[in-house]
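S.K.: Can you read through this structure? Questions will come right after.
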Amino acid sequence: MVLEVPAACKTLASTLEIYFSFVADLCAAGQRNDRFCYADVEHALAMAAAQLEQDAHALVLRSMARDEPRLLIGGVAHRVLLASEATYYTRTGPVSVSRCLYRSLDEAQGSVDPIALRIGAVRGYWCPATAAAMAFLVQQGTVREAEHTAQQLGVLPYSDTSFHRVTHAVGTLYQTQREAVEEQLIAAYQVPARATGITVSLDRAAVPMEEPRARPRGRPKKGAAKRPVSRVWHMAYCATVTLHDAQGEKVHTIRYGRMPQGDTTSLVSALFADVQSLRRQRPDLLVEVLCDGAAELWNLLETEFTQEALGTALRRLVDLWHLLEKVGKAYRCRYDEQRTSMEMQRWKMRLLNHSHAAAELQAALEPMLARRAPRTGDDKDAVDEAVTFVRNQRKAGRMDYAAARRAGQPVGSGAVEATCKSMIGVRFKRAGARWKEDTAAAVLELRALNLSDRWNLAMDLLLGQNGADVRRAA
């Protein structure tokens, strides 16, 4: 095979020649039955391929450099400002390129780099796929873990500080374009054929947040922190849109998250928009709202999720397991553990099979208010709490589990409970961890994309679009 290499590609050709020569030497050694450590061969081939990739990046990036006195960038006239060397960061390492900076003729903006604009660089110098890969590692673990993982894989040879800054930039960019990206994500989603319904859930999970703490009066102790902080727990929000089959089993879950100071109104609006989009594709899908008994969560969801707004029947259910937990505490105030277990099993079966069981449960609990023995501590208000809970949920029409079961809809909020653990618990509640609001928000929303199996498409929509139009001015 003969390859014609353009003059501009001589460096790349030289690297290719070295690479092919190295491979040929390895093949010859293999034919001679030479003994060698193949792990070393793997590392050497990876390093050679990385150098080849960097040389190719340098060639392509240099081709984008412009040195004309005038350019039209996005249709706006710019003049050349100065020439300098710039370093762009790729998957395999940094690449240095000579380029010119430009400034608009009215000087209303700062200097711009045509190469960075054309490739859609993150933070001005990070190639988009490189930034997406770094953000992917950080949404899974700490920046130090991401750095160590990258070292083992032989890619992304950057510091933990770089991982932090790039991930924050990708997360912030997603937050600014969230609505547009989410619309395209749900429009591209294909409802699985075996899906028969949609269940929407909302829940909260505690996150350790960092808050400034006042310094004590007087002269600080030796080694005291200059800016002391406290580790305070606040409640973040997890939301799910779950497609389920005719047996109420999960088919796929789309996950969302917001930090304690996040915009919960936009969160509920996103859930509602998803449901509307899915039902436009499949109008036969049943819709259900399923949460625990927290009034705040129901108030948030019911601002959007009404039968009038959806244009279809809407089922509301309080999570069956939360209900049984509260009722079980009430029964333990009167019976021993064995009797309580038997009663709970009986009520579970009645609730799942008879629509009038909720009224019967309320009628069975209310006499316990008068007959209960004096209690202290955690059991003191267990009966009151159970009776109040059943009264409120039954009045709101959220306890017809038998009808839900006949329709093949879930009766438990397991999808959102699992999301709280996988999206927040696993990533945010590590030993000694504490988070700033903006950093945590960036990581949380990126993690939600990954756990929803939407990462690749979301990054394509966010970072894979064509860069700015750069042309020579007439």
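Going through the structure tokens in order, the chains are called A, B, and so on, while each chain numbers its residues from 1 and the ligands are numbered from 1 in the order shown.
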Please provide the set of residues having any atom within 8 Å of A:Ser84, restricted to only C-alpha atoms, with same-chain residues fewer than 4 positions apart removed, written as a list in words.
M.R.: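 Skipping anything fewer than 4 positions along the chain leaves Ser98, Arg99, Cys100 and Leu101 of chain A.
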S.K.: Would you mind listing what lies within 12 Å of A:Leu153 as a ChimeraX atom specification, with only C-alpha atoms counted and same-chain residues fewer than 6 positions away left out?
M.R.: /A:42-43,46-47,50,91-92,137,146-147
S.K.: Find, counting only C-alpha atoms, the residue in A:Gln54, A:Gln465, A:Thr439, A:Thr264 that gets nearest to A:Ala169.
M.R.: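 Checking each candidate against A:Ala169, we get A:Thr439 as the closest.
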S.K.: Neighbours of stretch 173-187 of chain A within 12 Å (only C-alpha atoms; same-chain residues fewer than 6 positions away dropped), as number ranges by chain?
M.R.: A: 120-123, 128, 131-132, 135, 166-167, 241, 254-258, 262-263, 266-267, 269-281, 438-439, 441-449, 452-463, 465
S.K.: Any idea what's packed within 12 Å of A:His354, counting only C-alpha atoms, ignoring anything in its chain fewer than 6 positions away? Could you give it as a ChimeraX atom specification?
M.R.: /A:346-348,360-361,399-406
S.K.: With N, CA and C atoms retained, could you export that selection as a compact mmCIF listing (two decimals), in the first residue's frame?
M.R.:
```txt
# COMPACT_ATOMS: atom_id res chain seq x y z
N ARG A 346 -52.52 -8.67 56.63
CA ARG A 346 -53.95 -8.69 56.29
C ARG A 346 -54.36 -7.39 55.62
N TRP A 347 -53.93 -6.24 56.16
CA TRP A 347 -54.30 -4.95 55.58
C TRP A 347 -53.66 -4.75 54.21
N LYS A 348 -52.45 -5.24 54.06
CA LYS A 348 -51.80 -5.12 52.75
C LYS A 348 -52.62 -5.85 51.69
N GLU A 360 -62.23 1.04 55.50
CA GLU A 360 -62.20 0.07 56.58
C GLU A 360 -60.98 0.28 57.48
N LEU A 361 -59.85 0.61 56.87
CA LEU A 361 -58.64 0.85 57.66
C LEU A 361 -58.82 2.06 58.56
N MET A 399 -55.73 6.56 47.85
CA MET A 399 -55.55 5.26 48.50
C MET A 399 -56.28 4.11 47.81
N ASP A 400 -56.65 4.28 46.54
CA ASP A 400 -57.34 3.19 45.84
C ASP A 400 -56.30 2.30 45.14
N TYR A 401 -55.62 1.48 45.94
CA TYR A 401 -54.56 0.62 45.41
C TYR A 401 -55.13 -0.52 44.56
N ALA A 402 -56.31 -0.98 44.90
CA ALA A 402 -56.91 -2.08 44.15
C ALA A 402 -57.17 -1.66 42.71
N ALA A 403 -57.71 -0.44 42.51
CA ALA A 403 -57.98 0.05 41.16
C ALA A 403 -56.68 0.20 40.38
N ALA A 404 -55.63 0.70 41.04
CA ALA A 404 -54.33 0.84 40.39
C ALA A 404 -53.78 -0.51 39.98
N ARG A 405 -53.93 -1.48 40.86
CA ARG A 405 -53.42 -2.81 40.56
C ARG A 405 -54.17 -3.43 39.38
N ARG A 406 -55.51 -3.24 39.33
CA ARG A 406 -56.28 -3.76 38.20
C ARG A 406 -55.88 -3.10 36.89
```
S.K.: Where in stretch 91-282 of chain A does DSSP assign alpha helix (DSSP H), given as a ChimeraX atom specification?
M.R.: /A:114-119,128-140,143-153,160-176,178-188,264-281
S.K.: Pick out the closest residue to A:Ala239 from this set: A:Ala433, A:Ala357, A:Ala195, A:Leu290. Count only C-alpha atoms.
M.R.: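 So, comparing all the options, the nearest one is A:Leu290.
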S.K.: I need the residues in stretch 172-297 of chain A that are strand (DSSP E or B) according to DSSP; give them as a PyMOL selection string.
M.R.: chain A and resi 197-212+229-244+250-258+286-291
S.K.: Find the residues around A:Glu417 up to 10 Å (only C-alpha atoms counted), leave out those fewer than 2 positions away in its own chain, and share them as number ranges by chain.
M.R.: A: 201-205, 238-240, 291-292, 412-415, 419-422
S.K.: Include N, CA, C and O atoms and write out the residues we just selected as a PDB file, in the first residue's frame.
M.R.:
```
ATOM      1  N   SER A 201     -43.017  10.733  40.014  1.00  0.00           N
ATOM      2  CA  SER A 201     -42.762  10.757  41.462  1.00  0.00           C
ATOM      3  C   SER A 201     -41.786  11.869  41.807  1.00  0.00           C
ATOM      4  O   SER A 201     -40.942  12.250  40.990  1.00  0.00           O
ATOM      5  N   LEU A 202     -41.879  12.339  43.029  1.00  0.00           N
ATOM      6  CA  LEU A 202     -41.002  13.386  43.546  1.00  0.00           C
ATOM      7  C   LEU A 202     -40.650  13.053  44.987  1.00  0.00           C
ATOM      8  O   LEU A 202     -41.510  12.596  45.751  1.00  0.00           O
ATOM      9  N   ASP A 203     -39.394  13.252  45.353  1.00  0.00           N
ATOM     10  CA  ASP A 203     -38.964  12.948  46.712  1.00  0.00           C
ATOM     11  C   ASP A 203     -37.806  13.866  47.077  1.00  0.00           C
ATOM     12  O   ASP A 203     -37.311  14.640  46.232  1.00  0.00           O
ATOM     13  N   ARG A 204     -37.351  13.762  48.313  1.00  0.00           N
ATOM     14  CA  ARG A 204     -36.233  14.585  48.789  1.00  0.00           C
ATOM     15  C   ARG A 204     -35.180  13.699  49.437  1.00  0.00           C
ATOM     16  O   ARG A 204     -35.475  12.617  49.946  1.00  0.00           O
ATOM     17  N   ALA A 205     -33.944  14.198  49.414  1.00  0.00           N
ATOM     18  CA  ALA A 205     -32.837  13.498  50.066  1.00  0.00           C
ATOM     19  C   ALA A 205     -31.888  14.534  50.644  1.00  0.00           C
ATOM     20  O   ALA A 205     -31.673  15.598  50.049  1.00  0.00           O
ATOM     21  N   CYS A 238     -35.332  14.921  44.164  1.00  0.00           N
ATOM     22  CA  CYS A 238     -35.187  13.912  43.122  1.00  0.00           C
ATOM     23  C   CYS A 238     -36.562  13.693  42.495  1.00  0.00           C
ATOM     24  O   CYS A 238     -37.560  13.609  43.208  1.00  0.00           O
ATOM     25  N   ALA A 239     -36.599  13.592  41.170  1.00  0.00           N
ATOM     26  CA  ALA A 239     -37.864  13.376  40.474  1.00  0.00           C
ATOM     27  C   ALA A 239     -37.666  12.324  39.396  1.00  0.00           C
ATOM     28  O   ALA A 239     -36.577  12.198  38.827  1.00  0.00           O
ATOM     29  N   THR A 240     -38.725  11.573  39.127  1.00  0.00           N
ATOM     30  CA  THR A 240     -38.646  10.518  38.117  1.00  0.00           C
ATOM     31  C   THR A 240     -39.897  10.506  37.255  1.00  0.00           C
ATOM     32  O   THR A 240     -41.001  10.797  37.724  1.00  0.00           O
ATOM     33  N   CYS A 291     -46.320   9.436  45.250  1.00  0.00           N
ATOM     34  CA  CYS A 291     -45.333  10.009  46.175  1.00  0.00           C
ATOM     35  C   CYS A 291     -45.590   9.491  47.584  1.00  0.00           C
ATOM     36  O   CYS A 291     -46.578   8.795  47.833  1.00  0.00           O
ATOM     37  N   ASP A 292     -44.704   9.888  48.497  1.00  0.00           N
ATOM     38  CA  ASP A 292     -45.015   9.642  49.896  1.00  0.00           C
ATOM     39  C   ASP A 292     -46.015  10.704  50.352  1.00  0.00           C
ATOM     40  O   ASP A 292     -46.540  11.456  49.532  1.00  0.00           O
ATOM     41  N   GLY A 412     -46.090   1.468  44.603  1.00  0.00           N
ATOM     42  CA  GLY A 412     -44.955   1.879  45.428  1.00  0.00           C
ATOM     43  C   GLY A 412     -44.025   2.805  44.663  1.00  0.00           C
ATOM     44  O   GLY A 412     -43.873   2.690  43.443  1.00  0.00           O
ATOM     45  N   SER A 413     -43.427   3.729  45.379  1.00  0.00           N
ATOM     46  CA  SER A 413     -42.545   4.739  44.752  1.00  0.00           C
ATOM     47  C   SER A 413     -41.097   4.282  44.760  1.00  0.00           C
ATOM     48  O   SER A 413     -40.191   5.059  45.058  1.00  0.00           O
ATOM     49  N   GLY A 414     -40.874   3.010  44.429  1.00  0.00           N
ATOM     50  CA  GLY A 414     -39.519   2.475  44.455  1.00  0.00           C
ATOM     51  C   GLY A 414     -38.567   3.155  43.498  1.00  0.00           C
ATOM     52  O   GLY A 414     -37.379   3.287  43.784  1.00  0.00           O
ATOM     53  N   ALA A 415     -39.060   3.624  42.338  1.00  0.00           N
ATOM     54  CA  ALA A 415     -38.185   4.247  41.342  1.00  0.00           C
ATOM     55  C   ALA A 415     -37.550   5.521  41.888  1.00  0.00           C
ATOM     56  O   ALA A 415     -36.337   5.740  41.745  1.00  0.00           O
ATOM     57  N   THR A 419     -33.702   6.310  43.113  1.00  0.00           N
ATOM     58  CA  THR A 419     -33.014   7.460  42.526  1.00  0.00           C
ATOM     59  C   THR A 419     -32.367   8.308  43.612  1.00  0.00           C
ATOM     60  O   THR A 419     -31.248   8.804  43.440  1.00  0.00           O
ATOM     61  N   CYS A 420     -33.045   8.490  44.727  1.00  0.00           N
ATOM     62  CA  CYS A 420     -32.455   9.244  45.846  1.00  0.00           C
ATOM     63  C   CYS A 420     -31.143   8.604  46.293  1.00  0.00           C
ATOM     64  O   CYS A 420     -30.172   9.306  46.612  1.00  0.00           O
ATOM     65  N   LYS A 421     -31.104   7.271  46.303  1.00  0.00           N
ATOM     66  CA  LYS A 421     -29.896   6.578  46.741  1.00  0.00           C
ATOM     67  C   LYS A 421     -28.800   6.624  45.687  1.00  0.00           C
ATOM     68  O   LYS A 421     -27.639   6.929  45.988  1.00  0.00           O
ATOM     69  N   SER A 422     -29.157   6.325  44.433  1.00  0.00           N
ATOM     70  CA  SER A 422     -28.135   6.238  43.394  1.00  0.00           C
ATOM     71  C   SER A 422     -27.664   7.605  42.924  1.00  0.00           C
ATOM     72  O   SER A 422     -26.480   7.783  42.619  1.00  0.00           O
TER      73      SER A 422
END
```
S.K.: Can you tell me which residues surround A:Met209 at a distance of at most 10 Å, considering only C-alpha atoms, apart from same-chain residues fewer than 3 positions away, and format the answer as a ChimeraX atom specification?
M.R.: /A:206,229-235,259-260,428,433-437,440
S.K.: Convert the current residue selection to file output with N, CA, C and O atoms, as a compact mmCIF listing (two decimals), in the first residue's frame.
M.R.:
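Saved result, again.txt, follows:
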```
# COMPACT_ATOMS: atom_id res chain seq x y z
N ALA A 206 -31.33 14.23 51.82
CA ALA A 206 -30.44 15.17 52.49
C ALA A 206 -29.07 15.20 51.82
O ALA A 206 -28.52 14.16 51.45
N VAL A 229 -16.03 27.02 58.08
CA VAL A 229 -17.31 26.62 57.50
C VAL A 229 -17.94 25.53 58.36
O VAL A 229 -17.26 24.86 59.14
N SER A 230 -19.24 25.37 58.19
CA SER A 230 -19.98 24.32 58.88
C SER A 230 -20.55 23.37 57.84
O SER A 230 -20.83 23.75 56.70
N ARG A 231 -20.72 22.13 58.25
CA ARG A 231 -21.33 21.10 57.40
C ARG A 231 -22.78 20.96 57.83
O ARG A 231 -23.08 20.47 58.92
N VAL A 232 -23.70 21.42 56.97
CA VAL A 232 -25.12 21.48 57.30
C VAL A 232 -25.89 20.66 56.27
O VAL A 232 -25.61 20.72 55.07
N TRP A 233 -26.88 19.91 56.75
CA TRP A 233 -27.67 19.06 55.86
C TRP A 233 -28.90 19.80 55.36
O TRP A 233 -29.65 20.36 56.15
N HIS A 234 -29.08 19.80 54.04
CA HIS A 234 -30.26 20.38 53.43
C HIS A 234 -30.89 19.36 52.49
O HIS A 234 -30.22 18.44 52.00
N MET A 235 -32.17 19.56 52.19
CA MET A 235 -32.92 18.60 51.39
C MET A 235 -32.90 18.98 49.91
O MET A 235 -33.37 20.06 49.52
N MET A 259 -30.96 20.98 43.54
CA MET A 259 -30.38 21.24 44.85
C MET A 259 -31.39 22.00 45.73
O MET A 259 -32.42 22.47 45.22
N PRO A 260 -31.12 22.11 47.04
CA PRO A 260 -32.09 22.76 47.94
C PRO A 260 -32.53 24.15 47.49
O PRO A 260 -33.68 24.53 47.68
N PHE A 428 -23.03 11.95 46.74
CA PHE A 428 -22.94 13.16 47.54
C PHE A 428 -22.72 12.92 49.03
O PHE A 428 -22.33 13.83 49.75
N ALA A 433 -17.78 14.54 53.13
CA ALA A 433 -18.10 15.38 51.97
C ALA A 433 -18.94 16.58 52.39
O ALA A 433 -19.78 16.49 53.28
N ARG A 434 -18.70 17.70 51.74
CA ARG A 434 -19.56 18.86 51.86
C ARG A 434 -19.51 19.62 50.53
O ARG A 434 -18.48 19.63 49.85
N TRP A 435 -20.62 20.24 50.17
CA TRP A 435 -20.78 20.77 48.82
C TRP A 435 -21.18 22.24 48.85
O TRP A 435 -21.93 22.67 49.72
N LYS A 436 -20.70 22.96 47.85
CA LYS A 436 -21.21 24.29 47.56
C LYS A 436 -22.38 24.14 46.60
O LYS A 436 -22.45 23.22 45.80
N GLU A 437 -23.32 25.06 46.69
CA GLU A 437 -24.56 24.95 45.92
C GLU A 437 -24.31 24.85 44.42
O GLU A 437 -24.86 23.96 43.76
N ALA A 440 -22.44 21.51 43.42
CA ALA A 440 -23.32 20.36 43.58
C ALA A 440 -24.40 20.33 42.51
O ALA A 440 -24.75 19.26 41.98
```
S.K.: Using only C-alpha atoms, pick whichever of A:Val23, A:Arg316, A:Val138, A:Glu385 has the shortest atom-to-atom distance to A:Gly397.
M.R.: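 Among the listed residues, the smallest separation from A:Gly397 belongs to A:Arg316.
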S.K.: Can you pull out the residues contacting A:Met368? Cut-off 9 Å, using only C-alpha atoms, and skip same-chain residues under 2 positions away; I want them as a PyMOL selection string.
M.R.: chain A and resi 330-331+334+364-366+370-372+383
S.K.: Would you save the residues of that selection, restricted to all heavy atoms, as a CSV table (one decimal), in the first residue's frame?
M.R.:
```csv
chain,number,residue,atom,x,y,z
A,330,ALA,N,-48.6,2.4,64.6
A,330,ALA,CA,-49.8,2.5,65.4
A,330,ALA,C,-50.2,1.2,66.0
A,330,ALA,O,-50.5,1.1,67.2
A,330,ALA,CB,-50.9,3.1,64.6
A,331,TYR,N,-50.1,0.1,65.2
A,331,TYR,CA,-50.5,-1.2,65.7
A,331,TYR,C,-49.5,-1.7,66.8
A,331,TYR,O,-49.9,-2.5,67.7
A,331,TYR,CB,-50.6,-2.2,64.6
A,331,TYR,CG,-52.0,-2.3,64.0
A,331,TYR,CD1,-52.4,-1.4,63.1
A,331,TYR,CD2,-52.9,-3.3,64.5
A,331,TYR,CE1,-53.7,-1.5,62.5
A,331,TYR,CE2,-54.1,-3.3,64.0
A,331,TYR,CZ,-54.6,-2.4,63.0
A,331,TYR,OH,-55.8,-2.5,62.5
A,334,ARG,N,-50.3,-1.2,70.4
A,334,ARG,CA,-51.4,-2.0,71.0
A,334,ARG,C,-51.1,-3.5,71.0
A,334,ARG,O,-51.5,-4.2,72.0
A,334,ARG,CB,-52.7,-1.8,70.2
A,334,ARG,CG,-53.9,-2.5,70.8
A,334,ARG,CD,-55.2,-2.2,70.0
A,334,ARG,NE,-56.3,-2.9,70.6
A,334,ARG,CZ,-57.5,-2.9,70.1
A,334,ARG,NH1,-57.8,-2.2,69.0
A,334,ARG,NH2,-58.5,-3.6,70.7
A,364,ALA,N,-60.9,1.1,61.4
A,364,ALA,CA,-60.3,0.3,62.4
A,364,ALA,C,-59.3,1.1,63.3
A,364,ALA,O,-59.0,0.7,64.4
A,364,ALA,CB,-59.5,-0.8,61.7
A,365,LEU,N,-58.7,2.1,62.7
A,365,LEU,CA,-57.7,2.9,63.4
A,365,LEU,C,-58.3,3.9,64.4
A,365,LEU,O,-57.7,4.1,65.5
A,365,LEU,CB,-56.8,3.6,62.4
A,365,LEU,CG,-55.8,2.8,61.6
A,365,LEU,CD1,-55.1,3.7,60.6
A,365,LEU,CD2,-54.7,2.2,62.6
A,366,GLU,N,-59.4,4.5,64.1
A,366,GLU,CA,-59.9,5.6,64.9
A,366,GLU,C,-60.2,5.2,66.3
A,366,GLU,O,-60.0,5.9,67.3
A,366,GLU,CB,-61.1,6.3,64.2
A,366,GLU,CG,-60.6,7.1,63.0
A,366,GLU,CD,-61.7,7.8,62.2
A,366,GLU,OE1,-62.9,7.3,62.4
A,366,GLU,OE2,-61.5,8.8,61.5
A,370,ALA,N,-58.9,6.2,71.4
A,370,ALA,CA,-59.5,6.2,72.7
A,370,ALA,C,-58.9,5.0,73.6
A,370,ALA,O,-58.8,5.2,74.8
A,370,ALA,CB,-61.0,6.1,72.6
A,371,ARG,N,-58.6,3.9,72.9
A,371,ARG,CA,-58.2,2.7,73.7
A,371,ARG,C,-56.7,2.6,74.0
A,371,ARG,O,-56.2,1.7,74.7
A,371,ARG,CB,-58.6,1.4,73.0
A,371,ARG,CG,-60.1,1.3,72.9
A,371,ARG,CD,-60.4,-0.1,72.6
A,371,ARG,NE,-59.8,-0.6,71.3
A,371,ARG,CZ,-60.4,-0.6,70.1
A,371,ARG,NH1,-61.6,-0.1,70.0
A,371,ARG,NH2,-59.8,-1.1,69.1
A,372,ARG,N,-55.9,3.5,73.3
A,372,ARG,CA,-54.4,3.3,73.5
A,372,ARG,C,-53.9,3.6,74.9
A,372,ARG,O,-54.5,4.4,75.6
A,372,ARG,CB,-53.7,4.3,72.5
A,372,ARG,CG,-54.0,5.7,72.8
A,372,ARG,CD,-53.2,6.6,71.9
A,372,ARG,NE,-53.5,8.0,72.2
A,372,ARG,CZ,-52.8,9.1,71.8
A,372,ARG,NH1,-51.7,8.9,71.0
A,372,ARG,NH2,-53.2,10.3,72.0
A,383,VAL,N,-50.3,6.6,66.9
A,383,VAL,CA,-51.6,6.4,66.5
A,383,VAL,C,-52.2,7.7,65.9
A,383,VAL,O,-52.9,7.6,64.9
A,383,VAL,CB,-52.5,5.9,67.7
A,383,VAL,CG1,-53.9,5.8,67.3
A,383,VAL,CG2,-51.9,4.6,68.3
```
